[in-house]
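For reference, the structure discussed in these notes is given below.
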Amino acid sequence: MTDVEIRPLTPDDDMDAQVDLGQRAFGVMSPAQRANWTHVAAIRIGQGAFLGAFVAGRPAGAALFHDMRQWWGGRPMPSAGVASVKVAPEHRGKGIGRLLMTALLDRIAERGYPVSSLYPATVPLYRSLGWELAGGRYMAAVPARSLRTLLAPDPASGAGAARELPDIRRAAPADAAAVNEVIARSHESARDSGPLTWDLGPHARWLAREDMYAYLTDDGFAAYRWANDNEDLFVERVHAATPAALRALWQVIASHSSTAETVRVRIAPADPLWWLTHERDLTGTSRRMWMLRVVDAPAAIAARGFPPGVALTIPLIIRDTNRLTNHGRWTLTVSEGTGTLIPNEPGFLPSTTVSARTGHASPADSERAAPLTLGARGLAALYAGTPLAPLRLAGLASGGTPEADAAIDAGFAATAYMVDDF
């Protein structure tokens with residue numbers, strides 16, 4: 001292989017050359033897209049989060065990561081969002097992408113991120129370094145007229161009639177902190193897994209977009225824009241921590257039903273809107289998968305939320321040759337909504353104990369069974385809520401016991417999703 005230099009970009013590097021590299025990889029950017037990319041790139045360069053690959057001094061590839069918070073089990077943790085990974089066409093197939101991503105993973109680990117996520121254009125490279133498919137970004141569509149009257153609460157549920165709807169106001173860049181707080185509260189109350197919150201800078205720029213219409217109440221936030229030659233509304237997000245806030249925000253969106261034909265919305269798989277329309281005319285239209293990497297296994301387990309009714313202690317072997325700090329024998333414990341991952345002494349593995357409405361593993365079974373063993377990919381998929389049965393069938397998990405599997409599935413249960421792209 002030709003000598004390749006991997007290093008952080010600096011303000012002295014040629015940004016026009018980086019733009020050219022990106023356009024050759026992903027297509028030509030509009031002036032607005034180029035301005036936004038240049039702004040974000042400057043921030044990431046300043047943070048040391050933008051790496052470049054150079055051959056004979058010329059740009060041959062690049063990759064960066066965003067500083068984000070990702071919610072898992074209703075709790076936020078730092079997450080590195082990998083983006084803009086590219087290799088110049090004339091240098092592809094020479095291993096530059098792997099060198100670049102290995103260096104980026106090392107830098108993400110050095111910065112102390114427990115997890116990392118990305119949207120892949122292709123998956124083999126990322127899988128070889130421990131990322132695995134974990135969740136989706138979902139789109140749905142509904143005729144605008146169907147939102148004029150949402151279903152009232154079911155009397156049989158005891159919820160009662162919806163209380164008076166709260167006042168809503170237009171959100172501005174100065175409201176970035178309030179927007180962040182409302183979004184965080186909505187993810188916490190829903191015990192969400194996968195979605196993101198950002199620092200105030202990106203939110204303020206997003207709220208300043210001329211084509212974005214954003215509305216805020218004490219317990220909710222919504223943002224949308226016109227699309228398809230102003231015939232449709234594209235709802236970027238609706239977040240609500242209370243039923244009244246949810247209805248009030250959708251009422252604002254529904255007020256456009258006299259001019260908009262269709263409302264297209266980025267939506268959670270279990271978004272309450274699925275249960276609020278009168279007919280089956282809210283339909284899923286697409287799913288784009290994203291990948292997860294557990295970078296620091298003990299920190300990731302400690303930061304994640306778990307159901308309070310699950311209690312388990314199991315021996316666990318993690319095989320992760322790309323992050324040797326994860327590699328080895330561990331004891332995984334989940335109790336009272338919190339998890340821990342403790343390293344074991346060489347040769348020592350604890351017994352399995354399970355108490356999670358799924359029964360108890362007997363000591364004899366525990367002694368006979370090999371410990372649950374996961375590679376980096378299997379660990380990422382399990383962390384995101386994938387049950388162990390399909391992981392076993394896919395060759396991503398082995399060992400353990402059926403009783404422990406049931407408890408582990410209950411502990412990590414989640415349907416991971418995002419509404420953001422990056």
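Ordering of the structure tokens sets the chain letters (A, B, ...), residue numbers begin anew at 1 in every chain, and ligands are numbered from 1 in the order given.
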
Please tabulate, as a tab-separated table, the residues of stretch 80-160 of chain A that come within 9 Å of stretch 367-382 of chain A, each with its closest pair of atoms and the distance in Å to one decimal, counting only C-alpha atoms and ordering rows by chain, then residue number upward.
```
residue	atom	partner	partner_atom	distance
A:Val115	CA	A:Ala380	CA	8.9
A:Arg127	CA	A:Arg377	CA	6.8
A:Ser128	CA	A:Arg377	CA	8.7
A:Leu129	CA	A:Ala376	CA	8.1
A:Gly130	CA	A:Ala376	CA	4.8
A:Trp131	CA	A:Arg377	CA	5.8
A:Glu132	CA	A:Arg377	CA	5.1
A:Leu133	CA	A:Ala381	CA	6.7
A:Ala134	CA	A:Ala381	CA	5.4
A:Gly135	CA	A:Ala381	CA	8.9
```

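Summary of the local environment: counting only C-alpha atoms, residues at most 10 Å from A:Arg323, other than itself and those fewer than 5 positions away along its chain, are A:Leu105, A:Asp106, A:Ala109, A:Leu129, A:Gly130, A:Val294, A:Val295, A:Asp296, A:Ala297, A:Ala376.
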
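Among A:Ser79, A:Leu273, A:Pro89, A:Trp72, the residue with the shortest atom-to-atom distance to A:Gly411, counting only C-alpha atoms, is A:Trp72.
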
If you count only C-alpha atoms, which residues fall within 10 Å of A:Val82, apart from same-chain ones fewer than 5 positions away, as a short mmCIF file (atom, residue, chain, number, x, y, z; two decimals) with N, CA and C atoms, in the first residue's frame?
```cif
data_model
loop_
_atom_site.label_atom_id
_atom_site.label_comp_id
_atom_site.auth_asym_id
_atom_site.auth_seq_id
_atom_site.Cartn_x
_atom_site.Cartn_y
_atom_site.Cartn_z
N ALA A 49 -12.10 16.44 15.99
CA ALA A 49 -12.98 15.31 15.68
C ALA A 49 -13.12 15.07 14.18
N PHE A 50 -12.21 15.59 13.38
CA PHE A 50 -12.26 15.45 11.92
C PHE A 50 -10.89 14.95 11.47
N ALA A 63 -13.04 11.49 7.61
CA ALA A 63 -14.16 11.05 8.46
C ALA A 63 -14.19 11.94 9.69
N LEU A 64 -15.39 12.14 10.23
CA LEU A 64 -15.52 12.96 11.43
C LEU A 64 -16.54 12.31 12.36
N PHE A 65 -16.61 12.83 13.59
CA PHE A 65 -17.68 12.41 14.48
C PHE A 65 -18.25 13.62 15.20
N HIS A 66 -19.58 13.54 15.44
CA HIS A 66 -20.31 14.59 16.13
C HIS A 66 -20.42 14.25 17.62
N ASP A 67 -20.40 15.27 18.44
CA ASP A 67 -20.63 15.10 19.87
C ASP A 67 -22.13 15.16 20.13
N MET A 101 -11.00 4.55 9.65
CA MET A 101 -12.00 4.23 10.65
C MET A 101 -11.36 3.65 11.93
N LEU A 104 -10.21 6.65 13.72
CA LEU A 104 -11.35 7.39 14.26
C LEU A 104 -11.92 6.69 15.50
N LEU A 105 -12.01 5.35 15.46
CA LEU A 105 -12.49 4.61 16.62
C LEU A 105 -11.56 4.81 17.81
N ILE A 108 -12.32 8.23 19.22
CA ILE A 108 -13.60 8.21 19.93
C ILE A 108 -13.42 7.59 21.31
N SER A 116 -21.03 4.63 20.00
CA SER A 116 -20.93 5.39 18.76
C SER A 116 -21.97 4.85 17.79
N SER A 117 -22.54 5.75 16.99
CA SER A 117 -23.54 5.32 16.00
C SER A 117 -23.21 5.95 14.65
N LEU A 118 -23.77 5.37 13.59
CA LEU A 118 -23.56 5.88 12.24
C LEU A 118 -24.63 5.35 11.31
N TYR A 119 -24.86 6.08 10.23
CA TYR A 119 -25.71 5.62 9.13
C TYR A 119 -24.78 5.12 8.03
N PRO A 120 -24.83 3.82 7.70
CA PRO A 120 -23.86 3.27 6.75
C PRO A 120 -24.32 3.41 5.30
N MET A 291 -26.33 1.97 12.63
CA MET A 291 -25.48 1.00 13.30
C MET A 291 -24.98 1.57 14.62
N PHE A 422 -27.46 12.60 10.46
CA PHE A 422 -26.24 13.36 10.73
C PHE A 422 -25.15 12.89 9.79
#
```

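Look at A:His203: the protein and nucleic acid residues within 12 Å of it, using only C-alpha atoms and passing over chain neighbours fewer than 3 places away, are Met68, Ala171, Ala172, Pro173, Ala174, Asp175, Ala176, Ala177, Ala178, Val179, Asn180, Glu181, Ile183, Leu196, Thr197, Trp198, Asp199, Leu200, Trp206, Leu207, Ala208, Arg209, Met212, Ala214, Ala223 and Asp420 of chain A.
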
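The shortest atom-to-atom distance to A:Leu246, with only C-alpha atoms taken into account, belongs to A:Asp167 out of A:Asp320, A:Asp211, A:Asp167, A:Asp20.
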
> Using the chain letters and numbers from this document, which residues of stretch 117-281 of chain A does DSSP assign to strand (DSSP E or B), as a PyMOL selection string?
Replying inline: chain A and resi 117-118+132-143+169-170+196-197+213-217+220-227+232-240+262-267

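Proximity to A:Leu9 was assessed for A:Leu150, A:Ala302, A:Val28, A:Ile45 counting only C-alpha atoms; the smallest distance is recorded for A:Ile45.
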
>> Among stretch 118-332 of chain A, which ones does DSSP assign to alpha helix (DSSP H) (computed from the backbone)? Answer as a PyMOL selection string.
In response: chain A and resi 124-128+176-190+200-207+243-254+297-303

Could you please take those selected residues and save C-alpha atoms as a compact mmCIF listing (two decimals), in the first residue's frame?
```txt
# COMPACT_ATOMS: atom_id res chain seq x y z
CA PRO A 124 -18.81 -4.59 5.72
CA LEU A 125 -16.13 -2.11 6.85
CA TYR A 126 -18.10 -0.99 9.88
CA ARG A 127 -19.01 -4.54 10.88
CA SER A 128 -15.36 -5.56 10.69
CA ALA A 176 -32.74 26.25 22.01
CA ALA A 177 -32.24 25.42 25.70
CA ALA A 178 -35.99 25.11 26.31
CA VAL A 179 -36.35 22.90 23.23
CA ASN A 180 -33.52 20.66 24.39
CA GLU A 181 -35.10 20.33 27.84
CA VAL A 182 -38.53 19.41 26.45
CA ILE A 183 -37.06 16.84 24.07
CA ALA A 184 -35.04 15.31 26.90
CA ARG A 185 -38.11 15.07 29.12
CA SER A 186 -40.11 13.36 26.39
CA HIS A 187 -37.39 10.72 25.85
CA GLU A 188 -37.01 10.12 29.57
CA SER A 189 -40.74 9.69 30.17
CA ALA A 190 -41.05 7.30 27.20
CA LEU A 200 -27.40 24.22 21.88
CA GLY A 201 -25.41 25.36 18.83
CA PRO A 202 -26.93 22.94 16.30
CA HIS A 203 -30.42 23.46 17.74
CA ALA A 204 -30.13 27.24 17.51
CA ARG A 205 -29.00 27.03 13.86
CA TRP A 206 -31.78 24.58 13.11
CA LEU A 207 -34.41 26.85 14.68
CA PRO A 243 -51.15 13.94 26.27
CA ALA A 244 -52.37 17.56 26.18
CA ALA A 245 -49.12 18.84 24.67
CA LEU A 246 -49.20 16.09 22.04
CA ARG A 247 -52.73 16.95 20.93
CA ALA A 248 -52.01 20.67 20.90
CA LEU A 249 -48.99 20.26 18.64
CA TRP A 250 -50.80 17.98 16.21
CA GLN A 251 -53.65 20.48 16.18
CA VAL A 252 -51.23 23.12 14.89
CA ILE A 253 -50.04 20.76 12.15
CA ALA A 254 -53.60 19.72 11.29
CA ALA A 297 -18.58 -1.69 27.58
CA PRO A 298 -18.56 -1.02 31.36
CA ALA A 299 -19.40 2.67 30.87
CA ALA A 300 -22.14 1.86 28.35
CA ILE A 301 -23.80 -0.66 30.68
CA ALA A 302 -23.55 1.72 33.65
CA ALA A 303 -25.12 4.60 31.72
```

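Coordinates place atom CA of A:Thr242 at a distance of 15.3 Å from atom CA of A:Tyr215.
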
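Of the residues listed (A:Leu396, A:Ala406, A:Ser286, A:Asp13), A:Ala406 shows the shortest atom-to-atom separation from A:Val310; distances use only C-alpha atoms.
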
>> So that I can check the surroundings of A:Val4, please list as a list in words every protein, DNA and RNA residue that reaches within 9 Å of it, counting only C-alpha atoms and ignoring chain neighbours fewer than 2 positions away.
In response: Met1, Thr2, Ile6, Ala53, Phe54, Val55, Ala56, Gly57, Ala60, Ile96 and Leu99 of chain A

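As for atom CA of A:Ser146 and atom CA of A:Thr277, they are spaced 6.7 Å apart.
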
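Comparing A:Trp274, A:Asp409, A:Val19, A:Ala159 by their smallest distance to A:Ala41, the closest is A:Val19 (using only C-alpha atoms).
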
With 7 Å as the cut-off and only C-alpha atoms counted, what is the closest atom pair between each nearby residue of stretch 117-141 of chain A and stretch 255-266 of chain A? Distances in Å to one decimal, ordered by chain and number, as a Markdown table.
```
| residue | atom | partner | partner_atom | distance |
| --- | --- | --- | --- | --- |
| A:Tyr138 | CA | A:Arg266 | CA | 5.8 |
| A:Met139 | CA | A:Arg266 | CA | 4.7 |
| A:Ala140 | CA | A:Val265 | CA | 5.4 |
| A:Ala141 | CA | A:Arg264 | CA | 4.3 |
```

Mind dumping the selected residues with C-alpha atoms as a PDB file, in the first residue's frame?
```
ATOM      1  CA  TYR A 138     -38.809   5.632  10.333  1.00  0.00           C
ATOM      2  CA  MET A 139     -41.020   7.650   8.023  1.00  0.00           C
ATOM      3  CA  ALA A 140     -44.819   7.622   7.819  1.00  0.00           C
ATOM      4  CA  ALA A 141     -47.463   9.503   5.858  1.00  0.00           C
TER       5      ALA A 141
END
```

> In Å, with one decimal, what is the gap from atom CA of A:Met15 to atom CA of A:Gly61?
Replying inline: 12.9 Å

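Counting only C-alpha atoms and comparing A:Lys86, A:Leu51, A:Thr38, A:Asn326, the residue that lies closest to A:Ala25 is A:Lys86.
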
>> So that I can check the surroundings of A:Gly194, please list as a count of residues only every protein, DNA and RNA residue that reaches within 10 Å of it, counting only C-alpha atoms and ignoring chain neighbours fewer than 3 positions away.
In response: 22
